[in-house]
Structures are given as structure tokens and as C-alpha cells.
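Trainee: What follows is a single structure, and I will ask about it in a moment.
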Amino acid sequence: MSFPGPHAEPTAADSPLLANLNDEQRAAVTLPEGHSLILAGAGSGKTRVLTTRIAWLISTGQVSPGGVLAVTFTNKAAKEMMTRLTALLPVNVRGMWIGTFHGLCNRFLRAHWKLANLPQSFQILDTQDQLSAIKRLMKQFNVDDERFPAKQTQYFIAGAKEDGLRPGDMQARGEDDRKKIELYALYEEQCQREGVVDFGELMLRSYELLRDNDAVREHYQRRFRHILIDEFQDTNRLQYAWIKMLAGHTDALGHFTSGSNSVLAVGDDDQSIYAFRGARVGNMSDFVREFDVQHQIKLERNYRSFSNILDSANALISHNKKRLGKNLRTDQGPGEPVRVYEAPSDFAEAQWMVEEMRQLVRDDVERKEIAVLYRSNAQSRVIETALFNAGMPYRVYGGLRFFERAEIKHVLAYLRLLENADDDTSFLRVVNFPPRGIGARSIEQLQDAARSRGVSLAKGVEGLPGKAGANLGAFVAKIDVMREQTQGLSLKEIVELVLDASGLVEHYKADREGEDRLENLEELVNAAEAFVTQEGFGRDAVALPVDELRQSAVSQGLDPNLPVLDDPLAPDADTGETLSPLAAFLTHAALESGDNQAQAGQDAVQLMTVHAAKGLEFDCVFITGMEEGLFPHENSLSDFEGLEEERRLMYVAITRARRRLYLSHSQTRLLHGQTRYNLRSRFFDELPEEALKWLTPKQSGFGQFGGSGAGGGSRGSSGGFGGFSSSGYSGGYASGSPAPAPVPQRAAPSHGLRTGMQVFHNKFGEGTVTALEGSGDDARAQVKFNRHGIKWLALSVAKLTPVE
DNA sequence: GAGAAGGCGCTTTTT
DNA sequence: GCGCCTTCTC
């Protein structure tokens, strides 16, 4: 099917939209109908292409605003897209389907809540809520939490949903599996009974509704002529299936046939760093194959970094085997070399960094243009200490976000109970908070009663005898009174009333350390107020293109009886019910958990994990802890895929830097209360020497991984960094071997070994010390033997002789 | 019901 | 080594 009416091939001169694009970008923006894949390298103007593409499609009349579906992963990216689009086109973007996967699925389920078999004001469980729901479930069914840790069950359920699997679709491969599937089924029942959905459920239920309801599916398939997906390399199985379902028509056998809709997937396989949470890079090649993609465009011109930085990134990532293939280039010239520093300790590394930063600041670099990246959060501590002692302002990304804070979750639990008294998770959260004399015993009694009658906790309270019954009754009555009192109030007033009536404010006022929490409660009131105005929950603010969209829907031949889904306040067609602002606010709180960075706004050095840095850029970047075991992380080394993902992570880290890049590593590091002796990261050996500048002498011949044909990661019997086993190296080796030669450099541990040293073992032969841990009798060494792989050896037992 | 004591885990994280 | 969570004790 083709677009109705002839549309002239527009040229660059036709539209100012195309004025400042390079050839690759322009080609991407003006792609013809059909499915396309854009391989967008770091810093290549990806978001620009996406937004300009949408603007282009609309302004050339190829699609109406209502016919566009644009999906991102984060709210930040979605907002960015809407902001930029507004700047390009005089169109009200609020009614457009631009949002996160979960945000759009939420919108979809709100509109079709009946078909989806959900209560209209269903609430969304975040990860915390989900875990406590699972814990409660497991307790109720007396599941051994030693054998089935709640976290693991949660992981199992979330993973199953990400793969689009219901309990019935899964086959047990053992007793434990069977139990987990059973728990998954029980969990589903519980959620359904309580009217709540978790994040995975938002996706899965949307997908199933599209799959199982022909009318609904066809409606949306006809509507969304152009589907655009950002960060495609991060999509999981279910998200891909969801896109597929929306994108095209399926034939009688359920096979995808290329239909009238165009899917534009934008992604970068080299920046795929979320496999651990279900992302599937393979979706990119599947997409090309299954959608019969006709157009692939690579955006390889980088506008961010100088070429020493880009060359480093290119060289590093070229060591990955599984790639679609792409090379970044720039016109900017080499710029400064990449600086490499080796420190004797993590403490010294941090110290050195602070000194460098001071110099940078003296040279007029803004502090917020300096970023410190690390592989794991535990590394931030020593850096923070150094920055703090130096009086250098800094901020750390990560940690609890606003809506995840305990005091906020407490208020939200009360608010949720106003909306839905059957929400047992919320009930349990606040039934005795602030404390009101309802102990574990009473609650257990209540749970038993509710279970036997098959009702929610709130309903189970009725008729409960004794003191427990009285106290619980009072609590339920309190909620009921609040619900009464909040009728007709504004959202802000509702929140204020609950803060007061729940006793939360009073409770935190009495708490010596409750000051911050009180401040956050204040902030929640502000957030509620802002939500009403910003999200357009005052009707007037929603004077958005609903009519326009309705018209365009009709002109596209869409079913006028299906609801127009662009107005979350649209009343239900049958009953006239509308979603309350409170329910919408609670949804907002679950889907947008807010900022997770402290002290935003001031000029401060930025500290974050490499993962958190994705999508950001800075003038100066420090990548710290460049050590074997840390980066690449030891847990990723057991398989090939893991190492490749670590390399992609390093690629992301490098490409964050615009002008200046530092890489540092340390000989010793305090981790989990123990001093570790780490080898310099193998990634150093994958960078182009001519782009580097060693600030400390490069310790050559240290038995690094690149040496003597040892090529790729760990091989051999031990299967990686598995910790040391008790057998295999014990006992009775040649006594009286000469004491290890003392190492003149720096503070050496008493056993005299250090990483990089060549050693001989009577049984395993020659090898290289790759790590050292512990001291005295507990001292142990990790040795990479030439013929026996990597082993951990207890130095009190194993005799290791240094080799010349 | 609050505070102390003990145990566990510890890569990365958005929605 | 630290923070979080659960359990113990009064």
C-alpha cells in the first residue's frame, strides 16, 4: 500500500529542516517509505535525525501527527525528543505518541482497560513494590526463602515477562524451575486480585491485547504509519514483538508481511550495554531479516570528539567479533593525546585526579564539564573522599530517586489506598506506619482471615475480633474518612490532607533526623501541584489537538468508535468514568521516579558509572579503575559475550569525552574490605599507542594479556575467576625453594610476589601472577598458567617460585 | 515497638 | 568495610 496521492520528491532546497544536516543525516531523514535501520554512532547526531525525520514526515504531508509512534527507553530521551520537535514544528506534541515503551503501554492499557481485564485505576508496581509483593506471597505459601530467595524469584518473573512468557508457556527443567513457575502463576493471581501491574506486565499485557484482539490491533496498525524506535539495540524480546505487532499486518499463519507501515529503527550495536537486563542486540539483525529492511544508513561522522579519542574508541571496539561494523570519523584533528596514569593505590589515584582537576579548573574548564567514570558504584567512595577533602564540589549520579524514597513511598501508599482499598502491598506498608500499635501478630491474624475468605486485607478487617480487630478497624476507618474528606479537593490539597491525617508529618517532626524527610514531603506537595499544571490535568491545559487527531483519524479511515487515546482524561465510552488526577499522579510517580542526582544545578564535577554516562558528553573525562577484574569486570569474563559487552562499555566510556580523556589504574585497591592487587586492564593493549601519552612509565613486559599469543580472555580448566577451589594445588611441594626475590618497588606485601611476575609451580608449571589478595596466612595469588588456565592459590600452601 | 545485634551481599539499571 | 535487612531482646 502506498501513501495516498503523489508526493513530490522533496529536495534540500525545499525545506529549511534539512539545511544543516550532513549527507548521511539527510539521507536518513528523507528515507522513503519502508523499513529502515540507522546505525548511529556515538555523537553522530542521532536524536537530531530522529526528530528531524518526524518533522519532515509531518511537514511534507506524508503523515499526520497522530500517525507517528516514536518510542524511547527513558523519559529523559522522550522529553528531549518532544522539546526538539516543538522547536522544529508548530505542532502540539503532547497528543502525539512519543514516549517510553512503558509510558505508551500505560496509555494504551488505560484506554483499553476493560479489554485488558484491568480496573480503570490500576496502579503500577515499581521494582521495590514488586519485591515486597513477592516476599509477601512467598511467606503466605510457606516457600523456603533460603532455597528460593525473593530477589531471585523476582528476577525469574521479570525475565520471563521480558521474553513474553506466561507461566503456561514455560516448561520446567527441574524441581526448582517448577516451583518458580508456580510462584510466577501465584504472583500473577495476586496482582490481578489487587489490581496492580508491574513494569513487565505493562508491556506484556499490551502485547497480548494487540495479539489477541483483531479489531484493536488493526486499528493501531492502520493508524501508526510511521514507527520510530530509539536505542534499538536495547530492546528486549517482548519489545521487539510489540513493535512487530504494531508495525505490520500478519498473514494467516501469523507471519509478518511487510505492510503499509514504516519502521525506522535507530541504534548502535557497539553501545549495547544492557544485556544483563534483557536487552537483545540480536534484535537488530533480526529486524533486518524479518522486516526485509531495504535501507540501512550508517551515521559515522562524529561531532563530539577529537580524533585521538575517536581512534582509541575505534581501535578498541574493533576487537569485538560480533559487530555490524562501523567506524567513527571526525574533521576535528587529533587534539590532545589520551593520558594514561598508573597509581600505586586507589587512594593515590584519587589524589592525582583531584590535582589534575584543579589544574583543569585553573585552565578555565568548568567543573561540570569534568566527569569521573567508573565501572562499579563501590569505586566512588575513595574518589568522593578525595574530592571532599580538597573542597572540590562534586555530585554523584545514582542512588535513590525522588519517588523511591521511603517517606515518599509511604505517602504514595496512603494515596493508593484512597484509590484502591484492595492494594495489599500499600496496606501493609502503612498499616503500622506511623506506628499505631498494630503488631506482626495482628497482621498475621488479618492475613489469615483475609485469605480464608478470599478477600483483600482491607475487607478482611471486617468482623475481626479482639484488640487486633479494633486497631485494624480504626486504621481502615481512617483511610475511609480520608477518602471521604478528599472528595472534590485538588490534587495538591489531597496530598496535603493525607500528609496531615496520616500522621506522617507529625511523625517526622518528632524524629530528630526527619528534617530531610519533611523537606521531601514538602517537595511532594510541589510535585503534585506541578503535575496538575504541567501534565494538563486542568482540562484547559489539555486543549490539545484531540479534535485535530480525531479528524485525522477519521480521514485515515480509523474506527471512530474506538476511543481517541490521546487524552488520558477521556471518559469511558460506556460509563463516562474518568481517571482521577490522583490515579494519574500515582502512575506518573511509578513511571517517572524522578531525578537521581544530588545537588543539581551547581558547577560540580560529575561522578557516575559508565552505564549512567551513556548518552552524556563532557569536555574532560576520567575513566578510573582500568584494571583486570574491575574493568573488564571479573564477573563478565567467564564468557565471550560478557567480555564483548565490557568492551562496548569501555567504548561508551571513551566516546563521552570531547577534548580530553584520562585513563587511570591502580596497583592496589581496597575492595570489600580487602586489598586487591590488580593487573592493568587488557583494554590498554587494544588502544593505539600513538594516541596515548603515558604520564607514568608504561610497565612493559608485565605479562599482560596481549603477550605471547595469549590473545583473548581466559581459557582453560578453571573457567575464569571462580575463586579458588580446595583441591588441586594442596600440599607437599618442594620445600626449601629460595625465598621470593624482594621487589624493590613500592610497598610490597610480605610474600614478595606482585602482579605481572612470572612464577613457577611444581604441578602447574610456569605462569603469570594476575592478582593478589589478602595477607599473611590468608594471602592468595591468582595465577594465569601457560598450560593450566587461571587458578587461585593459597600462598601458605602453594609454593610459587619467581622465574627470571 | 524500639533499638541492638547479627547476617548477607557485593556489576551494571530503566521503566 | 559498609549498608541494608531481619531477627532478637527487653
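Chain labels run A, B, ... following the order of the C-alpha cells; each chain numbers its residues from 1, and ligands are numbered from 1 in the order shown.
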Tell me as a ChimeraX atom specification which residues belonging to chain A come within 10 Å of chain B, counting only C-alpha atoms (C1' of nucleotides).
Mentor: /A:73-75,100-103,126-127,198-200,202,273-277,375-378,398,435-439,590-593,609-612,630-631,633-636,646,649,671-672
Trainee: Within 12 Å of chain A, which residues of chain C show up? Give each one with its shortest atom-to-atom distance in Å (one decimal) and the two atoms involved, counting only C-alpha atoms (C1' of nucleotides), rows by chain then rising residue number, as CSV.
Mentor:
residue,atom,partner,partner_atom,distance
C:DG1,C1',A:Gly673,CA,4.6
C:DC2,C1',A:His672,CA,8.3
C:DG3,C1',A:Ala378,CA,11.6
Trainee: Go through A:Ile54, A:Val803, A:Ala111, A:Ala215 and flag the residue nearest Arg84 in chain A, using only C-alpha atoms for the distances.
Mentor: A:Ile54
Trainee: Would you work out the distance separating CA of Ala613 in chain A from CA of Val340 in chain A, expressed in Å to one decimal?
Mentor: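 About the pair CA of Ala613 in chain A and CA of Val340 in chain A: they are 20.2 Å apart.
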Trainee: Within 8 Å of range 145-154 of chain A, counting only C-alpha atoms (C1' of nucleotides), which residues show up once you throw out same-chain ones fewer than 5 positions away? Write them as a list in words, please.
Mentor: Gln130, Leu131, Ile134, Lys135, Met138, Lys180, Leu183 and Tyr184 of chain A
Trainee: For the atom pair CA of Ser312 in chain A and CA of Pro688 in chain A, what is the interatomic distance in Å to one decimal place?
Mentor: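 Computed distance, CA of Ser312 in chain A to CA of Pro688 in chain A, equals 6.0 Å.
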Trainee: Which residues come within 9 Å of Ser490 in chain A, counting only C-alpha atoms (C1' of nucleotides), excluding same-chain residues fewer than 6 positions away, as a list of chain:residue names?
Mentor: A:Glu529, A:Val532, A:Pro581, A:Leu582
Trainee: Output the selection as an mmCIF file, in the first residue's frame - C-alpha atoms for each residue.
Mentor:
data_model
loop_
_atom_site.group_PDB
_atom_site.id
_atom_site.type_symbol
_atom_site.label_atom_id
_atom_site.label_comp_id
_atom_site.auth_asym_id
_atom_site.auth_seq_id
_atom_site.Cartn_x
_atom_site.Cartn_y
_atom_site.Cartn_z
ATOM 1 C CA GLU A 529 0.808 20.908 42.141
ATOM 2 C CA VAL A 532 -1.706 19.232 37.503
ATOM 3 C CA PRO A 581 -5.943 13.141 38.691
ATOM 4 C CA LEU A 582 -4.774 11.231 41.742
#
Trainee: Got a sec: who's within 12 Å of Thr696 in chain A, counting only C-alpha atoms (C1' of nucleotides), leaving out chain neighbours fewer than 5 positions off, as a ChimeraX atom specification?
Mentor: /A:339-344,349,352,663-666
Trainee: Would you export the selected residues with C-alpha atoms as a PDB file, in the first residue's frame, please?
Mentor:
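Result written to again.pdb:
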ATOM      1  CA  ARG A 339      46.547  10.407  29.039  1.00  0.00           C
ATOM      2  CA  VAL A 340      47.297   7.239  30.954  1.00  0.00           C
ATOM      3  CA  TYR A 341      48.233   7.163  34.611  1.00  0.00           C
ATOM      4  CA  GLU A 342      49.253   4.336  36.889  1.00  0.00           C
ATOM      5  CA  ALA A 343      48.848   4.893  40.617  1.00  0.00           C
ATOM      6  CA  PRO A 344      50.246   2.831  43.466  1.00  0.00           C
ATOM      7  CA  GLU A 349      44.729   7.554  42.035  1.00  0.00           C
ATOM      8  CA  TRP A 352      46.183  12.503  41.404  1.00  0.00           C
ATOM      9  CA  LEU A 663      42.587   6.570  31.777  1.00  0.00           C
ATOM     10  CA  SER A 664      43.923   5.514  35.132  1.00  0.00           C
ATOM     11  CA  HIS A 665      44.578   2.312  37.005  1.00  0.00           C
ATOM     12  CA  SER A 666      45.985   1.423  40.339  1.00  0.00           C
TER      13      SER A 666
END
Trainee: Extract the full set of helix (DSSP H, G or I) residues from range 130-351 of chain A according to DSSP on the backbone, and format it as a ChimeraX atom specification.
Mentor: /A:130-140,150-162,167-169,175-194,199-212,214-223,232-234,237-247,269-271,275-277,282-290,307-317,346-351
